[in-house]
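With compact mmCIF, C-alpha atoms and all ligand atoms inside, this is run-v2.txt:
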```
# COMPACT_ATOMS: atom_id res chain seq x y z
CA MET T 23 8.06 -10.46 -25.72
CA SER T 24 6.97 -14.05 -25.21
CA CYS T 25 4.41 -14.87 -22.65
CA ALA T 26 4.62 -17.56 -20.02
CA HIS T 27 0.94 -17.67 -19.15
CA ASP T 28 -2.12 -18.79 -21.02
CA THR T 29 -3.13 -16.05 -23.44
CA ALA T 30 -6.58 -17.47 -24.23
CA GLU T 31 -9.16 -14.82 -23.34
CA PRO T 32 -10.97 -15.70 -20.15
CA ARG T 33 -14.71 -15.60 -20.71
CA ARG T 34 -16.19 -12.34 -19.44
CA VAL T 35 -19.61 -12.63 -17.83
CA LEU T 36 -22.13 -10.50 -16.03
CA GLU T 37 -21.79 -11.85 -12.53
CA GLY T 38 -23.99 -11.16 -9.53
CA VAL T 39 -21.72 -10.62 -6.54
CA SER T 40 -22.15 -10.10 -2.82
CA VAL T 41 -20.13 -8.02 -0.42
CA LEU T 42 -18.18 -10.09 2.09
CA SER T 43 -16.46 -7.14 3.74
CA ASN T 44 -15.70 -3.51 3.10
CA GLU T 45 -13.12 -1.96 5.36
CA ARG T 46 -11.33 1.34 5.61
CA VAL T 47 -7.63 0.97 4.86
CA THR T 48 -6.65 4.58 5.43
CA GLU T 49 -8.26 8.00 4.94
CA GLY T 50 -10.25 7.83 1.70
CA VAL T 51 -9.16 4.30 0.78
CA GLY T 52 -11.14 1.10 1.25
CA LEU T 53 -10.80 -2.62 0.60
CA LEU T 54 -13.91 -4.23 -0.82
CA VAL T 55 -14.09 -8.02 -0.77
CA LEU T 56 -16.68 -9.52 -3.09
CA ARG T 57 -17.81 -13.10 -3.50
CA ALA T 58 -17.33 -13.46 -7.27
CA PRO T 59 -16.58 -17.12 -8.11
CA HIS T 60 -16.37 -16.69 -11.89
CA VAL T 61 -13.98 -13.74 -11.85
CA ALA T 62 -11.99 -15.23 -8.98
CA SER T 63 -11.37 -18.40 -10.98
CA THR T 64 -10.56 -16.76 -14.31
CA VAL T 65 -8.99 -13.33 -13.71
CA ARG T 66 -5.35 -12.76 -14.54
CA PRO T 67 -3.12 -10.18 -12.87
CA GLY T 68 -3.72 -6.67 -14.23
CA GLN T 69 -7.25 -7.34 -15.46
CA PHE T 70 -10.21 -5.39 -14.13
CA VAL T 71 -13.93 -5.64 -13.47
CA HIS T 72 -16.66 -3.18 -14.42
CA LEU T 73 -18.75 -2.74 -11.31
CA ARG T 74 -22.35 -1.58 -11.10
CA ILE T 75 -22.14 -0.09 -7.65
CA ALA T 76 -25.84 0.62 -7.10
CA ARG T 77 -29.09 1.23 -8.93
CA GLY T 78 -30.17 4.68 -10.08
CA ARG T 79 -29.18 7.36 -12.56
CA ASP T 80 -25.74 8.06 -11.07
CA PHE T 81 -24.74 4.43 -11.47
CA VAL T 82 -25.85 3.59 -14.99
CA LEU T 83 -22.20 3.71 -16.01
CA ARG T 84 -20.20 0.95 -14.44
CA ARG T 85 -16.90 1.89 -12.77
CA PRO T 86 -13.70 0.02 -13.62
CA PHE T 87 -11.60 -1.44 -10.81
CA SER T 88 -8.55 -3.65 -10.92
CA VAL T 89 -8.63 -6.95 -9.13
CA HIS T 90 -6.11 -6.46 -6.36
CA ARG T 91 -6.02 -10.03 -5.04
CA VAL T 92 -7.96 -13.28 -5.23
CA ARG T 93 -8.73 -15.47 -2.25
CA GLY T 94 -10.75 -18.62 -3.02
CA GLU T 95 -14.04 -17.49 -4.53
CA SER T 96 -13.55 -13.87 -3.56
CA ILE T 97 -11.85 -10.90 -5.17
CA GLU T 98 -10.42 -7.86 -3.45
CA ILE T 99 -10.73 -4.33 -4.77
CA LEU T 100 -8.58 -1.61 -3.28
CA TYR T 101 -10.30 1.68 -3.99
CA GLN T 102 -9.91 5.39 -3.48
CA VAL T 103 -12.99 7.44 -2.69
CA LEU T 104 -13.21 10.17 -5.32
CA GLY T 105 -16.75 10.87 -6.44
CA THR T 106 -20.32 9.64 -6.42
CA GLY T 107 -19.59 6.03 -7.28
CA THR T 108 -16.72 5.37 -4.95
CA ARG T 109 -18.47 7.27 -2.13
CA GLU T 110 -21.41 4.90 -2.54
CA MET T 111 -18.99 2.01 -2.72
CA SER T 112 -17.54 2.96 0.66
CA LEU T 113 -21.03 2.55 2.15
CA LEU T 114 -21.59 -1.01 0.90
CA GLU T 115 -22.13 -3.36 3.81
CA PRO T 116 -21.54 -7.10 4.10
CA GLY T 117 -24.44 -8.92 2.46
CA ALA T 118 -25.15 -6.19 -0.09
CA VAL T 119 -25.48 -7.44 -3.64
CA CYS T 120 -24.45 -5.80 -6.90
CA ASP T 121 -23.07 -6.98 -10.22
CA LEU T 122 -20.01 -6.69 -12.35
CA VAL T 123 -18.77 -7.59 -15.79
CA GLY T 124 -15.44 -9.34 -15.90
CA PRO T 125 -12.73 -10.25 -16.10
CA LEU T 126 -11.87 -7.52 -18.60
CA GLY T 127 -8.83 -6.22 -20.43
CA ALA T 128 -5.31 -7.39 -21.09
CA GLY T 129 -3.22 -7.84 -17.98
CA TRP T 130 0.49 -8.02 -17.18
CA ILE T 131 2.60 -10.25 -19.38
CA VAL T 132 5.17 -12.47 -17.73
CA PRO T 133 8.15 -13.15 -20.01
CA GLU T 134 9.34 -16.74 -20.17
CA GLY T 135 12.18 -17.45 -17.78
CA LEU T 136 11.62 -14.26 -15.78
CA ALA T 137 14.13 -14.29 -12.92
CA HIS T 138 13.90 -10.80 -11.39
CA ALA T 139 11.11 -8.24 -11.74
CA LEU T 140 10.98 -4.65 -10.55
CA ILE T 141 7.52 -3.48 -9.51
CA VAL T 142 7.06 0.28 -9.21
CA THR T 143 3.88 1.66 -7.64
CA GLY T 144 2.58 5.15 -7.00
CA GLY T 145 -0.35 5.59 -4.60
CA LEU T 146 -3.32 3.42 -5.61
CA GLY T 147 -1.13 2.09 -8.42
CA ALA T 148 -0.34 -0.58 -5.85
CA ALA T 149 -3.80 -2.07 -6.50
CA PRO T 150 -3.38 -3.75 -9.92
CA LEU T 151 0.06 -5.15 -9.08
CA GLY T 152 -0.77 -7.11 -5.91
CA MET T 153 -1.91 -10.30 -7.58
CA LEU T 154 1.03 -10.17 -10.00
CA ALA T 155 3.55 -9.82 -7.15
CA GLU T 156 2.04 -12.83 -5.39
CA GLN T 157 2.09 -14.98 -8.54
CA LEU T 158 5.65 -14.02 -9.46
CA ALA T 159 6.90 -14.84 -5.98
CA ALA T 160 5.00 -18.15 -6.00
CA SER T 161 6.67 -19.04 -9.30
CA GLY T 162 10.10 -18.54 -7.73
CA ALA T 163 10.95 -15.22 -9.40
CA ALA T 164 12.71 -12.56 -7.37
CA VAL T 165 10.55 -9.47 -6.86
CA THR T 166 11.88 -6.06 -5.93
CA VAL T 167 9.33 -3.35 -5.18
CA ALA T 168 9.60 0.43 -5.17
CA MET T 169 6.53 2.09 -3.64
CA GLY T 170 5.68 5.75 -3.50
CA ALA T 171 2.88 7.69 -1.81
CA PRO T 172 2.22 11.13 -0.33
CA THR T 173 2.55 9.85 3.25
CA ALA T 174 3.42 6.64 5.13
CA GLU T 175 -0.29 5.99 5.76
CA ARG T 176 -0.99 6.06 2.05
CA LEU T 177 1.51 3.32 1.23
CA VAL T 178 -1.44 1.01 0.69
CA ALA T 179 -0.82 -2.74 0.33
CA ARG T 180 2.70 -2.34 1.72
CA GLY T 181 2.18 -5.48 3.85
CA LEU T 182 1.30 -7.60 0.81
CA TYR T 183 4.46 -6.50 -0.98
CA GLU T 184 6.62 -7.00 2.11
CA ASP T 185 5.28 -10.57 2.37
CA VAL T 186 6.26 -11.57 -1.16
CA ALA T 187 9.13 -9.34 -2.28
CA ARG T 188 12.81 -9.70 -1.47
CA VAL T 189 13.16 -5.94 -1.16
CA VAL T 190 10.54 -3.23 -0.67
CA ASP T 191 11.89 0.31 -0.90
CA VAL T 192 9.53 3.15 -0.12
CA ALA T 193 9.45 6.88 -0.80
CA THR T 194 7.00 9.44 0.55
CA ASP T 195 6.39 13.01 -0.50
CA ASP T 196 6.56 14.19 3.14
CA GLY T 197 9.38 11.91 4.29
CA SER T 198 7.16 10.11 6.84
CA ALA T 199 8.46 6.74 5.57
CA GLY T 200 11.51 5.77 3.54
CA VAL T 201 13.15 8.22 1.21
CA HIS T 202 11.84 11.79 1.27
CA GLY T 203 10.81 12.33 -2.36
CA PHE T 204 9.37 10.53 -5.35
CA VAL T 205 9.37 6.82 -6.11
CA THR T 206 11.11 7.59 -9.40
CA ALA T 207 14.32 8.29 -7.44
CA LEU T 208 14.09 4.72 -6.11
CA SER T 209 13.37 3.15 -9.50
CA GLU T 210 16.29 5.00 -11.07
CA ARG T 211 18.67 3.78 -8.36
CA LEU T 212 17.39 0.19 -8.46
CA LEU T 213 17.65 0.03 -12.25
CA GLY T 214 21.25 1.17 -11.94
CA GLU T 215 22.15 -1.33 -9.22
CA HIS T 216 20.43 -4.55 -10.33
CA GLN T 217 19.71 -6.58 -13.42
CA PHE T 218 15.94 -6.86 -14.03
CA ASP T 219 14.14 -8.78 -16.76
CA VAL T 220 11.10 -6.54 -16.69
CA VAL T 221 9.65 -3.49 -14.95
CA TYR T 222 5.95 -3.43 -14.05
CA CYS T 223 4.61 0.01 -13.23
CA CYS T 224 1.35 1.62 -12.18
CA GLY T 225 0.57 5.01 -10.70
CA PRO T 226 0.06 8.58 -11.88
CA GLU T 227 0.69 8.80 -15.60
CA ALA T 228 3.51 11.34 -15.20
CA MET T 229 5.28 8.90 -12.90
CA GLN T 230 4.75 5.96 -15.27
CA ARG T 231 6.20 7.99 -18.08
CA ILE T 232 9.37 8.69 -16.09
CA VAL T 233 9.74 5.03 -15.08
CA ALA T 234 9.26 4.01 -18.72
CA ALA T 235 12.08 6.36 -19.74
CA GLN T 236 14.34 5.03 -16.97
CA ALA T 237 13.68 1.44 -18.04
CA ALA T 238 14.43 2.33 -21.66
CA VAL T 239 17.78 3.85 -20.64
CA ALA T 240 18.56 0.71 -18.63
CA GLY T 241 17.53 -1.49 -21.58
CA VAL T 242 14.81 -3.26 -19.58
CA ALA T 243 11.33 -4.03 -20.93
CA CYS T 244 8.64 -2.04 -19.14
CA GLN T 245 4.89 -2.51 -18.87
CA VAL T 246 2.54 0.21 -17.64
CA SER T 247 -1.14 0.19 -16.69
CA LEU T 248 -3.03 3.19 -18.05
CA GLU T 249 -6.27 4.56 -16.68
CA ARG T 250 -8.92 6.07 -18.89
CA LEU T 251 -12.59 6.89 -18.55
CA MET T 252 -14.38 3.69 -19.50
CA ALA T 253 -18.01 3.82 -20.45
CA CYS T 254 -18.57 0.36 -21.94
CA GLY T 255 -15.48 -1.59 -20.89
CA ILE T 256 -15.80 -3.97 -23.83
CA GLY T 257 -14.31 -2.09 -26.76
CA ALA T 258 -17.45 -0.55 -28.26
CA CYS T 259 -17.55 3.14 -27.29
CA LEU T 260 -13.98 4.42 -27.82
CA SER T 261 -14.09 6.48 -24.62
CA CYS T 262 -10.81 4.98 -23.46
CA VAL T 263 -8.36 5.47 -26.32
CA VAL T 264 -4.59 5.50 -25.82
CA SER T 265 -2.26 6.82 -28.54
CA THR T 266 0.39 4.30 -29.46
CA HIS T 267 3.02 3.91 -32.17
CA SER T 268 0.62 1.50 -33.89
CA GLY T 269 -2.37 3.85 -33.74
CA LEU T 270 -5.19 4.42 -31.27
CA LYS T 271 -5.79 1.53 -28.88
CA ARG T 272 -8.65 0.92 -26.49
CA ALA T 273 -7.47 0.70 -22.91
CA CYS T 274 -10.38 -1.57 -21.99
CA VAL T 275 -9.53 -4.37 -24.44
CA ASP T 276 -6.01 -3.69 -25.76
CA GLY T 277 -4.92 -2.59 -22.27
CA PRO T 278 -5.03 -1.35 -19.57
CA VAL T 279 -1.53 -2.88 -19.60
CA PHE T 280 0.69 -1.70 -22.45
CA ASN T 281 4.31 -2.13 -23.34
CA ALA T 282 5.73 1.26 -22.33
CA GLU T 283 7.66 1.72 -25.57
CA GLU T 284 4.39 1.40 -27.51
CA VAL T 285 2.79 4.40 -25.78
CA LEU T 286 2.92 7.87 -27.32
CA TRP T 287 3.24 9.65 -24.01
CA ASP T 288 2.98 13.15 -25.47
CA SER T 289 -0.54 12.36 -26.64
CA SER T 290 -1.73 11.07 -23.28
CA GLU T 291 -4.79 13.03 -22.34
CA ILE T 292 -6.16 12.03 -18.98
CA PRO T 293 -3.75 11.81 -16.06
CA PRO T 294 -5.17 9.39 -13.53
CA LYS T 295 -5.93 10.46 -10.02
CA HIS T 296 -3.66 8.05 -8.16
C1 LIG B 301 -8.73 -0.21 -15.83
C2 LIG B 301 -8.98 0.67 -14.62
C3 LIG B 301 -8.70 0.15 -13.37
C4 LIG B 301 -8.92 0.94 -12.25
N1 LIG B 301 -8.63 0.40 -11.03
C5 LIG B 301 -8.84 1.13 -9.93
C6 LIG B 301 -8.55 0.58 -8.65
O1 LIG B 301 -8.11 -0.57 -8.51
N2 LIG B 301 -8.79 1.37 -7.56
C7 LIG B 301 -9.29 2.65 -7.68
O2 LIG B 301 -9.48 3.30 -6.66
N3 LIG B 301 -9.59 3.18 -8.88
C8 LIG B 301 -9.37 2.46 -10.00
N4 LIG B 301 -9.68 3.00 -11.21
C9 LIG B 301 -10.27 4.36 -11.27
C10 LIG B 301 -11.76 4.28 -10.94
O3 LIG B 301 -12.43 3.60 -11.97
C11 LIG B 301 -12.34 5.68 -10.79
O4 LIG B 301 -11.69 6.34 -9.72
C12 LIG B 301 -13.83 5.59 -10.49
O5 LIG B 301 -14.50 5.15 -11.64
C13 LIG B 301 -14.36 6.94 -10.06
O6 LIG B 301 -15.74 6.79 -9.88
P1 LIG B 301 -16.60 7.84 -9.01
O7 LIG B 301 -18.01 7.63 -9.39
O8 LIG B 301 -16.24 7.80 -7.58
O9 LIG B 301 -16.06 9.19 -9.49
P2 LIG B 301 -16.81 10.29 -10.37
O10 LIG B 301 -17.63 11.12 -9.45
O11 LIG B 301 -17.48 9.73 -11.56
O12 LIG B 301 -15.57 11.05 -10.88
C14 LIG B 301 -14.47 11.33 -10.04
C15 LIG B 301 -13.23 11.21 -10.89
O13 LIG B 301 -13.12 9.86 -11.40
C16 LIG B 301 -12.94 9.89 -12.79
N5 LIG B 301 -13.72 8.78 -13.38
C17 LIG B 301 -15.06 8.66 -13.39
N6 LIG B 301 -15.45 7.55 -14.02
C18 LIG B 301 -14.30 6.95 -14.43
C19 LIG B 301 -14.06 5.78 -15.14
N7 LIG B 301 -15.06 5.01 -15.61
N8 LIG B 301 -12.77 5.44 -15.40
C20 LIG B 301 -11.75 6.20 -14.95
N9 LIG B 301 -11.94 7.34 -14.23
C21 LIG B 301 -13.19 7.69 -14.00
C22 LIG B 301 -13.45 11.23 -13.27
O14 LIG B 301 -12.68 11.67 -14.37
C23 LIG B 301 -13.23 12.11 -12.08
O15 LIG B 301 -11.97 12.74 -12.13
C24 LIG B 301 -9.44 2.26 -12.37
C25 LIG B 301 -9.73 2.77 -13.64
C26 LIG B 301 -9.47 2.00 -14.75
C27 LIG B 301 -9.73 2.56 -16.10
S1 LIG B 302 -14.57 1.75 -22.58
FE1 LIG B 302 -15.73 1.63 -24.39
S2 LIG B 302 -14.20 1.19 -25.88
FE2 LIG B 302 -13.10 1.16 -24.01
```
When written as structure tokens, how does the structure in this file appear?
Amino acid sequence: MSCAHDTAEPRRVLEGVSVLSNERVTEGVGLLVLRAPHVASTVRPGQFVHLRIARGRDFVLRRPFSVHRVRGESIEILYQVLGTGTREMSLLEPGAVCDLVGPLGAGWIVPEGLAHALIVTGGLGAAPLGMLAEQLAASGAAVTVAMGAPTAERLVARGLYEDVARVVDVATDDGSAGVHGFVTALSERLLGEHQFDVVYCCGPEAMQRIVAAQAAVAGVACQVSLERLMACGIGACLSCVVSTHSGLKRACVDGPVFNAEEVLWDSSEIPPKH
């Protein structure tokens, strides 16, 4: 697949950042806005930052978070509160300072001449695709989005996608918005009805695997974003390996975005939490 954007590695740095805002989006989900001029000016869609949330023993390991959107010198992180780190993150107040390493990883690839993309998100999988959706729409490409979540309230970033996409179809597990069921029912229908150049997908690994299979049947290239535990974030510790047809890859430097047909799904070990 050829790539329309600059593939030169942006320079990763340790950047001191300050909290501009940190607001609740819905139960257990927050939006953290950080002033991070270096990352904001260099990050590409699908890349992530490794955030040192606080000082102390529990925070020695940085936590990886996708850059959801960029606005001027600030970056937005859409996060789910799960454990010690993200609980602490939810308490950060405007003016607090911390640091991050970034931008990290290989992001989404935009094929040359892309005319119509299908974006498929499950839960917090909407986070790493926001910036991509905005850039595709700005470039004149048509964007169709299929979003899934347990409930209507958990369709996070729905407004962003509705602003930039031609179509946003939603599915919820409880039927409180859109189709009652899984987002994979939407992606299957859309792939049957329209011609797409590429599918971009992020969400629970089981869901990404199904979307990858649907795209393969439809003959459409598919990229997925895989989540792994990441201790170092820079390719040194091998805590983040993904089995692929060309051997073990490190999600932090070779990914987190992979071509779906490269992934050996049967060997996937750690299903993500969203
Ligand atoms: C490339 C990448 C991008 C990510 N982007 C986002 C995002 O945009 N929004 C979001 O909410 N989450 C994202 N995550 C997941 C996020 O990193 C974890 O939810 C977070 O590190 C949990 O930290 P904690 O201290 O709250 O949880 P802990 O108390 O440490 O653990 C809670 C759960 O989180 C898992 N976990 C802990 N550390 C990591 C880690 N370093 N990497 C992956 N899982 C971990 C554990 O297995 C456990 O199940 C991303 C992960 C990766 C690898
Ligand atoms: S997190 Fe250390 S090699 Fe990927």
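The smallest atom-to-atom distance between ligand LIG 302 (chain B) and any of T:Ser268, T:Thr206, T:Ser261, T:Ser40, using all atoms listed in the file, is found for T:Ser261.
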Could you report the residues within 12 Å of ligand LIG 302 (chain B), using all atoms listed in the file, as a ChimeraX atom specification?
/T:70-72,83-86,126-128,248-264,270-278
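Minimum atom-to-atom distance to Leu213 (chain T), evaluated using all atoms listed in the file, belongs to T:Ala139 out of T:Glu284, T:Ala139, T:Val192, T:Leu146.
Between atom C2 of ligand LIG 301 (chain B) and CA of Val92 (chain T) the separation is 16.8 Å.
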Any chance you could work out the axis-aligned box around region 60-72 of chain T, listed atoms only, 5 Å on each side, giving centre and edge lengths in Å to one decimal, as AutoDock Vina command-line options?
```
--center_x -9.9 --center_y -10.8 --center_z -12.2 --size_x 23.5 --size_y 25.2 --size_z 16.5
```
Skipping near chain neighbours, those fewer than 5 positions away, what residues fall within 9 Å of Tyr101 (chain T) using only C-alpha atoms, listed as a ChimeraX atom specification?
/T:50-54,87-88,108,111-112,146,149
Given the block above, output region 209-238 of chain T with N, CA and C atoms as a compact mmCIF listing (two decimals), in the first residue's frame.
```
# COMPACT_ATOMS: atom_id res chain seq x y z
N SER T 209 -20.83 -2.76 9.93
CA SER T 209 -19.69 -2.80 9.01
C SER T 209 -19.93 -3.81 7.89
N GLU T 210 -20.56 -4.93 8.24
CA GLU T 210 -20.84 -5.94 7.20
C GLU T 210 -21.80 -5.38 6.16
N ARG T 211 -22.85 -4.69 6.63
CA ARG T 211 -23.82 -4.12 5.69
C ARG T 211 -23.17 -3.04 4.82
N LEU T 212 -22.41 -2.15 5.47
CA LEU T 212 -21.80 -1.04 4.71
C LEU T 212 -20.81 -1.55 3.67
N LEU T 213 -20.05 -2.58 4.04
CA LEU T 213 -19.08 -3.14 3.08
C LEU T 213 -19.80 -3.79 1.90
N GLY T 214 -21.01 -4.27 2.14
CA GLY T 214 -21.79 -4.85 1.04
C GLY T 214 -22.42 -3.80 0.15
N GLU T 215 -22.72 -2.63 0.72
CA GLU T 215 -23.48 -1.62 -0.02
C GLU T 215 -22.62 -0.60 -0.75
N HIS T 216 -21.40 -0.37 -0.26
CA HIS T 216 -20.58 0.72 -0.82
C HIS T 216 -19.20 0.22 -1.22
N GLN T 217 -18.56 1.03 -2.05
CA GLN T 217 -17.18 0.74 -2.46
C GLN T 217 -16.25 1.58 -1.58
N PHE T 218 -15.43 0.93 -0.77
CA PHE T 218 -14.46 1.66 0.06
C PHE T 218 -13.05 1.36 -0.42
N ASP T 219 -12.15 2.33 -0.23
CA ASP T 219 -10.74 2.10 -0.56
C ASP T 219 -10.00 1.48 0.61
N VAL T 220 -10.47 1.75 1.81
CA VAL T 220 -9.78 1.25 2.99
C VAL T 220 -10.74 1.26 4.18
N VAL T 221 -10.52 0.31 5.09
CA VAL T 221 -11.26 0.28 6.35
C VAL T 221 -10.26 0.56 7.47
N TYR T 222 -10.60 1.50 8.35
CA TYR T 222 -9.80 1.78 9.54
C TYR T 222 -10.62 1.34 10.75
N CYS T 223 -10.00 0.55 11.62
CA CYS T 223 -10.79 -0.05 12.70
C CYS T 223 -10.05 -0.01 14.03
N CYS T 224 -10.77 0.32 15.10
CA CYS T 224 -10.21 0.21 16.44
C CYS T 224 -11.32 -0.07 17.44
N GLY T 225 -11.02 -0.98 18.36
CA GLY T 225 -12.00 -1.36 19.38
C GLY T 225 -11.53 -2.65 20.02
N PRO T 226 -12.42 -3.37 20.68
CA PRO T 226 -12.02 -4.66 21.26
C PRO T 226 -11.42 -5.56 20.19
N GLU T 227 -10.42 -6.34 20.58
CA GLU T 227 -9.70 -7.11 19.57
C GLU T 227 -10.61 -8.12 18.85
N ALA T 228 -11.57 -8.69 19.56
CA ALA T 228 -12.49 -9.64 18.92
C ALA T 228 -13.27 -8.94 17.81
N MET T 229 -13.66 -7.70 18.07
CA MET T 229 -14.41 -6.93 17.07
C MET T 229 -13.52 -6.58 15.88
N GLN T 230 -12.26 -6.22 16.16
CA GLN T 230 -11.35 -5.85 15.06
C GLN T 230 -11.09 -7.07 14.16
N ARG T 231 -11.02 -8.20 14.80
CA ARG T 231 -10.78 -9.43 14.04
C ARG T 231 -11.95 -9.70 13.08
N ILE T 232 -13.17 -9.49 13.55
CA ILE T 232 -14.34 -9.72 12.69
C ILE T 232 -14.36 -8.71 11.54
N VAL T 233 -14.08 -7.45 11.86
CA VAL T 233 -14.07 -6.42 10.81
C VAL T 233 -12.99 -6.72 9.78
N ALA T 234 -11.84 -7.20 10.26
CA ALA T 234 -10.75 -7.56 9.34
C ALA T 234 -11.21 -8.66 8.39
N ALA T 235 -11.93 -9.65 8.92
CA ALA T 235 -12.41 -10.75 8.07
C ALA T 235 -13.45 -10.23 7.07
N GLN T 236 -14.32 -9.33 7.52
CA GLN T 236 -15.34 -8.77 6.62
C GLN T 236 -14.68 -7.99 5.48
N ALA T 237 -13.65 -7.20 5.83
CA ALA T 237 -12.95 -6.41 4.81
C ALA T 237 -12.27 -7.34 3.81
N ALA T 238 -11.68 -8.42 4.33
CA ALA T 238 -11.00 -9.37 3.43
C ALA T 238 -11.99 -9.97 2.45
```
